[in-house]
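**Student:** What follows is work14.pdb, PDB, C-alpha atoms and all ligand atoms.
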ATOM      1  CA  MET A   4      14.165  62.155  76.443
ATOM      2  CA  ASP A   5      11.614  59.365  76.651
ATOM      3  CA  ALA A   6      12.004  56.498  79.102
ATOM      4  CA  LEU A   7      13.418  53.984  76.624
ATOM      5  CA  ASP A   8      15.950  56.507  75.293
ATOM      6  CA  CYS A   9      16.988  57.205  78.857
ATOM      7  CA  LEU A  10      17.490  53.491  79.571
ATOM      8  CA  MET A  11      19.412  52.822  76.353
ATOM      9  CA  THR A  12      21.713  55.873  76.484
ATOM     10  CA  ARG A  13      22.654  55.824  80.186
ATOM     11  CA  ARG A  14      26.366  55.149  80.470
ATOM     12  CA  SER A  15      28.781  55.171  83.388
ATOM     13  CA  ILE A  16      30.301  58.659  83.484
ATOM     14  CA  ARG A  17      33.711  58.850  85.130
ATOM     15  CA  LYS A  18      34.844  62.331  84.060
ATOM     16  CA  PHE A  19      33.108  65.473  85.258
ATOM     17  CA  THR A  20      33.395  69.199  84.585
ATOM     18  CA  LYS A  21      33.953  71.680  87.411
ATOM     19  CA  GLU A  22      30.414  73.073  87.007
ATOM     20  CA  PRO A  23      28.442  72.741  90.241
ATOM     21  CA  VAL A  24      25.262  70.691  90.166
ATOM     22  CA  ASP A  25      21.899  72.346  90.785
ATOM     23  CA  PRO A  26      20.627  70.924  94.114
ATOM     24  CA  GLU A  27      17.126  70.690  92.625
ATOM     25  CA  LEU A  28      18.358  68.166  90.054
ATOM     26  CA  ILE A  29      19.828  66.044  92.826
ATOM     27  CA  GLN A  30      16.607  66.329  94.810
ATOM     28  CA  ALA A  31      14.600  65.139  91.788
ATOM     29  CA  ALA A  32      16.986  62.193  91.324
ATOM     30  CA  LEU A  33      16.645  61.247  94.994
ATOM     31  CA  ALA A  34      12.856  61.335  94.626
ATOM     32  CA  ALA A  35      13.182  58.999  91.629
ATOM     33  CA  ALA A  36      15.418  56.680  93.670
ATOM     34  CA  MET A  37      12.777  56.535  96.392
ATOM     35  CA  ALA A  38      10.146  55.695  93.763
ATOM     36  CA  ALA A  39      11.876  52.364  93.071
ATOM     37  CA  PRO A  40      10.108  49.081  93.733
ATOM     38  CA  SER A  41      11.031  47.249  96.948
ATOM     39  CA  ALA A  42       9.964  43.974  98.530
ATOM     40  CA  GLY A  43       6.708  44.574 100.395
ATOM     41  CA  ASN A  44       7.148  48.289  99.581
ATOM     42  CA  ALA A  45       9.428  48.399 102.629
ATOM     43  CA  ARG A  46      11.747  51.049 101.121
ATOM     44  CA  PRO A  47      14.616  50.058 103.441
ATOM     45  CA  TRP A  48      16.964  52.754 102.108
ATOM     46  CA  HIS A  49      18.752  55.908 103.151
ATOM     47  CA  PHE A  50      20.821  58.277 100.995
ATOM     48  CA  VAL A  51      23.858  60.208 102.170
ATOM     49  CA  LEU A  52      24.478  63.184  99.874
ATOM     50  CA  THR A  53      27.991  64.622 100.021
ATOM     51  CA  THR A  54      29.321  67.717  98.272
ATOM     52  CA  ASP A  55      32.205  68.338 100.664
ATOM     53  CA  ARG A  56      35.408  68.322  98.599
ATOM     54  CA  ALA A  57      37.583  67.100 101.462
ATOM     55  CA  LEU A  58      35.289  64.124 102.139
ATOM     56  CA  LEU A  59      34.915  63.237  98.455
ATOM     57  CA  ASP A  60      38.676  63.315  97.954
ATOM     58  CA  ARG A  61      39.167  60.652 100.647
ATOM     59  CA  VAL A  62      36.937  58.007  99.052
ATOM     60  CA  PRO A  63      39.613  56.588  96.695
ATOM     61  CA  ASP A  64      41.795  55.945  99.774
ATOM     62  CA  PHE A  65      39.644  52.892 100.557
ATOM     63  CA  HIS A  66      37.718  52.312  97.303
ATOM     64  CA  PRO A  67      40.149  51.236  94.548
ATOM     65  CA  TYR A  68      37.662  51.799  91.708
ATOM     66  CA  ALA A  69      36.305  55.198  92.709
ATOM     67  CA  ALA A  70      39.099  57.538  91.601
ATOM     68  CA  MET A  71      36.531  59.595  89.639
ATOM     69  CA  THR A  72      35.155  60.828  92.983
ATOM     70  CA  ARG A  73      38.033  63.343  93.077
ATOM     71  CA  GLN A  74      36.435  65.083  90.062
ATOM     72  CA  ALA A  75      32.800  64.631  91.074
ATOM     73  CA  GLN A  76      30.806  67.644  92.246
ATOM     74  CA  ALA A  77      28.696  65.488  94.538
ATOM     75  CA  ALA A  78      28.121  61.862  95.442
ATOM     76  CA  ILE A  79      25.351  59.805  96.968
ATOM     77  CA  LEU A  80      25.908  56.796  99.185
ATOM     78  CA  VAL A  81      22.902  54.492  98.988
ATOM     79  CA  CYS A  82      22.501  52.681 102.306
ATOM     80  CA  ALA A  83      20.170  50.044 103.746
ATOM     81  CA  GLU A  84      18.455  49.828 107.096
ATOM     82  CA  PRO A  85      17.669  46.093 107.224
ATOM     83  CA  ALA A  86      15.429  46.583 110.296
ATOM     84  CA  LEU A  87      12.907  48.285 107.978
ATOM     85  CA  GLU A  88      12.463  45.162 105.863
ATOM     86  CA  LYS A  89       9.171  43.271 105.714
ATOM     87  CA  TYR A  90      10.699  40.282 103.960
ATOM     88  CA  PRO A  91      14.204  39.700 105.328
ATOM     89  CA  GLY A  92      17.062  39.418 102.888
ATOM     90  CA  TYR A  93      15.770  41.593 100.072
ATOM     91  CA  TRP A  94      17.514  44.833 101.019
ATOM     92  CA  PRO A  95      20.469  44.484  98.583
ATOM     93  CA  ILE A  96      17.984  44.045  95.742
ATOM     94  CA  ASP A  97      15.833  46.967  96.899
ATOM     95  CA  CYS A  98      18.887  49.216  97.153
ATOM     96  CA  ALA A  99      20.046  48.113  93.699
ATOM     97  CA  ALA A 100      16.663  49.128  92.257
ATOM     98  CA  ALA A 101      16.960  52.517  93.981
ATOM     99  CA  THR A 102      20.507  52.953  92.677
ATOM    100  CA  GLU A 103      19.465  52.265  89.105
ATOM    101  CA  ASN A 104      16.560  54.727  89.386
ATOM    102  CA  LEU A 105      19.016  57.287  90.722
ATOM    103  CA  LEU A 106      21.387  56.795  87.762
ATOM    104  CA  LEU A 107      18.562  57.020  85.240
ATOM    105  CA  ALA A 108      17.077  60.156  86.795
ATOM    106  CA  LEU A 109      20.468  61.880  86.827
ATOM    107  CA  HIS A 110      21.000  60.945  83.177
ATOM    108  CA  ALA A 111      17.475  62.100  82.224
ATOM    109  CA  GLN A 112      18.383  65.539  83.577
ATOM    110  CA  GLY A 113      21.651  65.757  81.626
ATOM    111  CA  LEU A 114      23.933  64.800  84.494
ATOM    112  CA  GLY A 115      26.464  61.985  84.558
ATOM    113  CA  ALA A 116      27.062  59.389  87.255
ATOM    114  CA  VAL A 117      28.570  55.996  87.895
ATOM    115  CA  TRP A 118      27.561  53.158  90.216
ATOM    116  CA  THR A 119      30.571  52.149  92.257
ATOM    117  CA  GLY A 120      30.145  48.925  94.171
ATOM    118  CA  VAL A 121      30.279  48.927  97.964
ATOM    119  CA  TYR A 122      28.343  46.042  99.554
ATOM    120  CA  PRO A 123      29.398  43.210 100.016
ATOM    121  CA  ASP A 124      33.024  44.411  99.959
ATOM    122  CA  GLN A 125      33.729  44.818 103.689
ATOM    123  CA  PRO A 126      36.728  47.207 103.450
ATOM    124  CA  ARG A 127      34.548  49.574 101.341
ATOM    125  CA  VAL A 128      31.564  49.173 103.687
ATOM    126  CA  GLU A 129      33.778  49.992 106.676
ATOM    127  CA  GLY A 130      35.540  52.783 104.788
ATOM    128  CA  PHE A 131      32.237  54.604 104.183
ATOM    129  CA  ARG A 132      31.077  53.864 107.717
ATOM    130  CA  LYS A 133      34.130  55.617 109.098
ATOM    131  CA  LEU A 134      34.236  58.482 106.573
ATOM    132  CA  LEU A 135      30.561  59.438 106.804
ATOM    133  CA  GLY A 136      29.702  58.347 110.355
ATOM    134  CA  ILE A 137      27.254  55.625 109.292
ATOM    135  CA  PRO A 138      25.724  53.850 112.332
ATOM    136  CA  GLY A 139      26.143  50.097 112.847
ATOM    137  CA  THR A 140      22.453  49.443 112.047
ATOM    138  CA  ILE A 141      22.900  50.885 108.541
ATOM    139  CA  ILE A 142      24.754  49.182 105.676
ATOM    140  CA  PRO A 143      26.422  51.167 102.869
ATOM    141  CA  HIS A 144      25.310  49.521  99.602
ATOM    142  CA  SER A 145      26.451  51.559  96.570
ATOM    143  CA  PHE A 146      28.211  54.838  95.958
ATOM    144  CA  VAL A 147      27.316  57.174  93.089
ATOM    145  CA  PRO A 148      29.711  60.038  92.222
ATOM    146  CA  LEU A 149      28.009  62.546  89.917
ATOM    147  CA  GLY A 150      28.393  65.804  88.040
ATOM    148  CA  HIS A 151      28.134  67.351  84.613
ATOM    149  CA  PRO A 152      29.622  64.877  82.098
ATOM    150  CA  ASP A 153      33.030  65.629  80.609
ATOM    151  CA  MET A 154      33.275  62.560  78.366
ATOM    152  CA  PRO A 155      31.357  61.264  75.376
ATOM    153  CA  SER A 156      28.717  58.622  75.917
ATOM    154  CA  GLY A 157      25.937  57.123  73.922
ATOM    155  CA  ARG A 158      23.742  54.237  73.020
ATOM    156  CA  VAL A 159      25.118  50.696  73.105
ATOM    157  CA  ASP A 160      23.408  47.552  71.915
ATOM    158  CA  ARG A 161      23.852  44.639  74.318
ATOM    159  CA  PHE A 162      20.893  42.656  73.083
ATOM    160  CA  GLN A 163      21.504  38.908  73.202
ATOM    161  CA  ALA A 164      18.726  36.920  71.591
ATOM    162  CA  GLU A 165      20.165  33.668  72.991
ATOM    163  CA  ARG A 166      19.535  34.867  76.561
ATOM    164  CA  ILE A 167      15.800  34.888  75.984
ATOM    165  CA  HIS A 168      14.084  31.583  76.710
ATOM    166  CA  ARG A 169      10.516  31.415  75.516
ATOM    167  CA  GLU A 170       7.815  29.451  77.340
ATOM    168  CA  SER A 171      10.454  27.195  78.982
ATOM    169  CA  TRP A 172      14.300  27.054  79.113
TER     170      TRP A 172
HETATM  171  C1  LIG B 201      27.228  46.476  91.241
HETATM  172  C2  LIG B 201      28.073  47.368  90.366
HETATM  173  C3  LIG B 201      29.316  47.753  90.802
HETATM  174  C4  LIG B 201      30.099  48.616  90.021
HETATM  175  N1  LIG B 201      31.286  49.063  90.534
HETATM  176  C5  LIG B 201      32.004  49.963  89.824
HETATM  177  C6  LIG B 201      33.154  50.558  90.401
HETATM  178  O1  LIG B 201      33.515  50.276  91.553
HETATM  179  N2  LIG B 201      33.836  51.484  89.676
HETATM  180  C7  LIG B 201      33.446  51.838  88.412
HETATM  181  O2  LIG B 201      34.119  52.677  87.802
HETATM  182  N3  LIG B 201      32.349  51.284  87.832
HETATM  183  C8  LIG B 201      31.606  50.374  88.506
HETATM  184  N4  LIG B 201      30.451  49.865  87.980
HETATM  185  C9  LIG B 201      30.003  50.290  86.640
HETATM  186  C10 LIG B 201      30.193  49.207  85.594
HETATM  187  O3  LIG B 201      31.568  49.059  85.314
HETATM  188  C11 LIG B 201      29.402  49.599  84.339
HETATM  189  O4  LIG B 201      28.037  49.716  84.663
HETATM  190  C12 LIG B 201      29.559  48.577  83.217
HETATM  191  O5  LIG B 201      30.890  48.536  82.761
HETATM  192  C13 LIG B 201      28.645  48.875  82.029
HETATM  193  O6  LIG B 201      28.902  50.175  81.518
HETATM  194  P1  LIG B 201      27.770  51.295  81.456
HETATM  195  O7  LIG B 201      27.326  51.576  82.875
HETATM  196  O8  LIG B 201      28.425  52.471  80.828
HETATM  197  O9  LIG B 201      26.619  50.782  80.659
HETATM  198  C14 LIG B 201      29.645  49.031  88.742
HETATM  199  C15 LIG B 201      28.383  48.624  88.311
HETATM  200  C16 LIG B 201      27.589  47.820  89.113
HETATM  201  C17 LIG B 201      26.200  47.466  88.654
END
The structure in this file should be written as C-alpha cells.
**Tutor:**
Amino acid sequence: MDALDCLMTRRSIRKFTKEPVDPELIQAALAAAMAAPSAGNARPWHFVLTTDRALLDRVPDFHPYAAMTRQAQAAILVCAEPALEKYPGYWPIDCAAATENLLLALHAQGLGAVWTGVYPDQPRVEGFRKLLGIPGTIIPHSFVPLGHPDMPSGRVDRFQAERIHRESW
C-alpha cells in the first residue's frame, strides 16, 4: 500500500476478530507514532500499551464511546508530558500528530484501530489515570483500541473544493 492509499483508505475500525496481534506490528506502529512532527521536535509523548483483558474491559465503564475496547486485542493510550515541551501549549497538537501516525501505521500493516477521544474530557482523563496508574505530571490524550478488523472498510471521498482558498480567503 502506498502512502496516499493508506491515508485515503484508513477508517475507524470498531469490530475486531479474536486473533492476537503480532507484537512486532505494534512496535512498528509505535515507532511510526514517534516519527510524527512535534513543535520544536520536543516529542512530549508517552504510550501505554495494554493487552490485559481485565484492564481493557474496564475502559467502557468511564469512556462512553469506547465499547469496542471489549473486543480489542490491545490498546494504546497516547499521553503527554507537558514538562518536555519547548514551546508551551503545543502538546495536544503533537499528541494528535502521533495518534494519526499510529492509526496509519496500524492500517498500513493490515490492522484496524479507532481514535477514541480522551483529553480534554476530564472524567476520561481521570478514568485512565486511575485505571493505568498514570502520574499527575502526565496527561492522557487519546486512546486507540486495535486488532484485526472484523468489519468492512474502504475509501471515502470527503474532498470539499469550497474549503480551499487560493492566494487569499
Ligand atoms: C479527536 C477524536 C475523537 C474521537 N473519539 C471517538 C470516540 O470516542 N469513539 C469512537 O468510536 N470514535 C471516535 N473518533 C473517531 C471518529 O468518529 C471518526 O474518525 C470519524 O467518524 C471519521 O471516520 P473514519 O475515522 O472512519 O474516517 C474520534 C476521532 C477523533 C479525531
**Student:** Counting all atoms listed in the file, which protein, DNA or RNA residues come within 9 Å of ligand LIG 201 (chain B), given as a VMD selection string?
**Tutor:** chain A and resid 11 to 17 66 to 71 99 102 to 103 116 to 122 145 to 146 156 to 159
**Student:** Here's the selection I'm unsure about, the PyMOL selection byres (((chain A and resi 94) around 10) and not hetatm); applied to the file above, which residues does it give, as a list in words?
**Tutor:**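 Applying the expression gives Ser41, Ala42, Ala45, Arg46, Pro47, Trp48, Cys82, Ala83, Glu84, Pro85, Ala86, Leu87, Glu88, Lys89, Tyr90, Pro91, Gly92, Tyr93, Pro95, Ile96, Asp97, Cys98, Ala99, Ala100, Ile142 and His144 of chain A.
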**Student:** Mind listing whatever residues come within 7 Å of the point (13.1, 54.0, 95.1)? Use all atoms listed in the file, file coordinates, and give them as a list of chain:residue names.
**Tutor:**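 Those residues, ordered by chain and then number, are A:Ala35, A:Ala36, A:Met37, A:Ala38, A:Ala39, A:Pro40, A:Arg46, A:Ala100, A:Ala101, A:Asn104.
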**Student:** Give me, as a PyMOL selection string, all polymer residues having an atom no more than 8 Å from segment 52-59 of chain A, counting all atoms listed in the file and skipping those fewer than 5 positions away in the same chain.
**Tutor:** chain A and resi 72-73+75-80+134
**Student:** Near segment 108-115 of chain A, counting all atoms listed in the file, which residues have an atom at most 6 Å away, once you skip same-chain residues fewer than 3 positions from it, shown as a PyMOL selection string?
**Tutor:** chain A and resi 9+16+32+105+149-152
**Student:** Have a look at atom CA of Phe19 of chain A and atom CA of Phe131 of chain A and let me know their distance in Å, one decimal.
**Tutor:** 21.8 Å
**Student:** Suppose you want the space between atom CA of Gln74 of chain A and atom CA of Pro148 of chain A; what is it in Å?
**Tutor:**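 We find that atom CA of Gln74 of chain A and atom CA of Pro148 of chain A lie 8.7 Å from each other.
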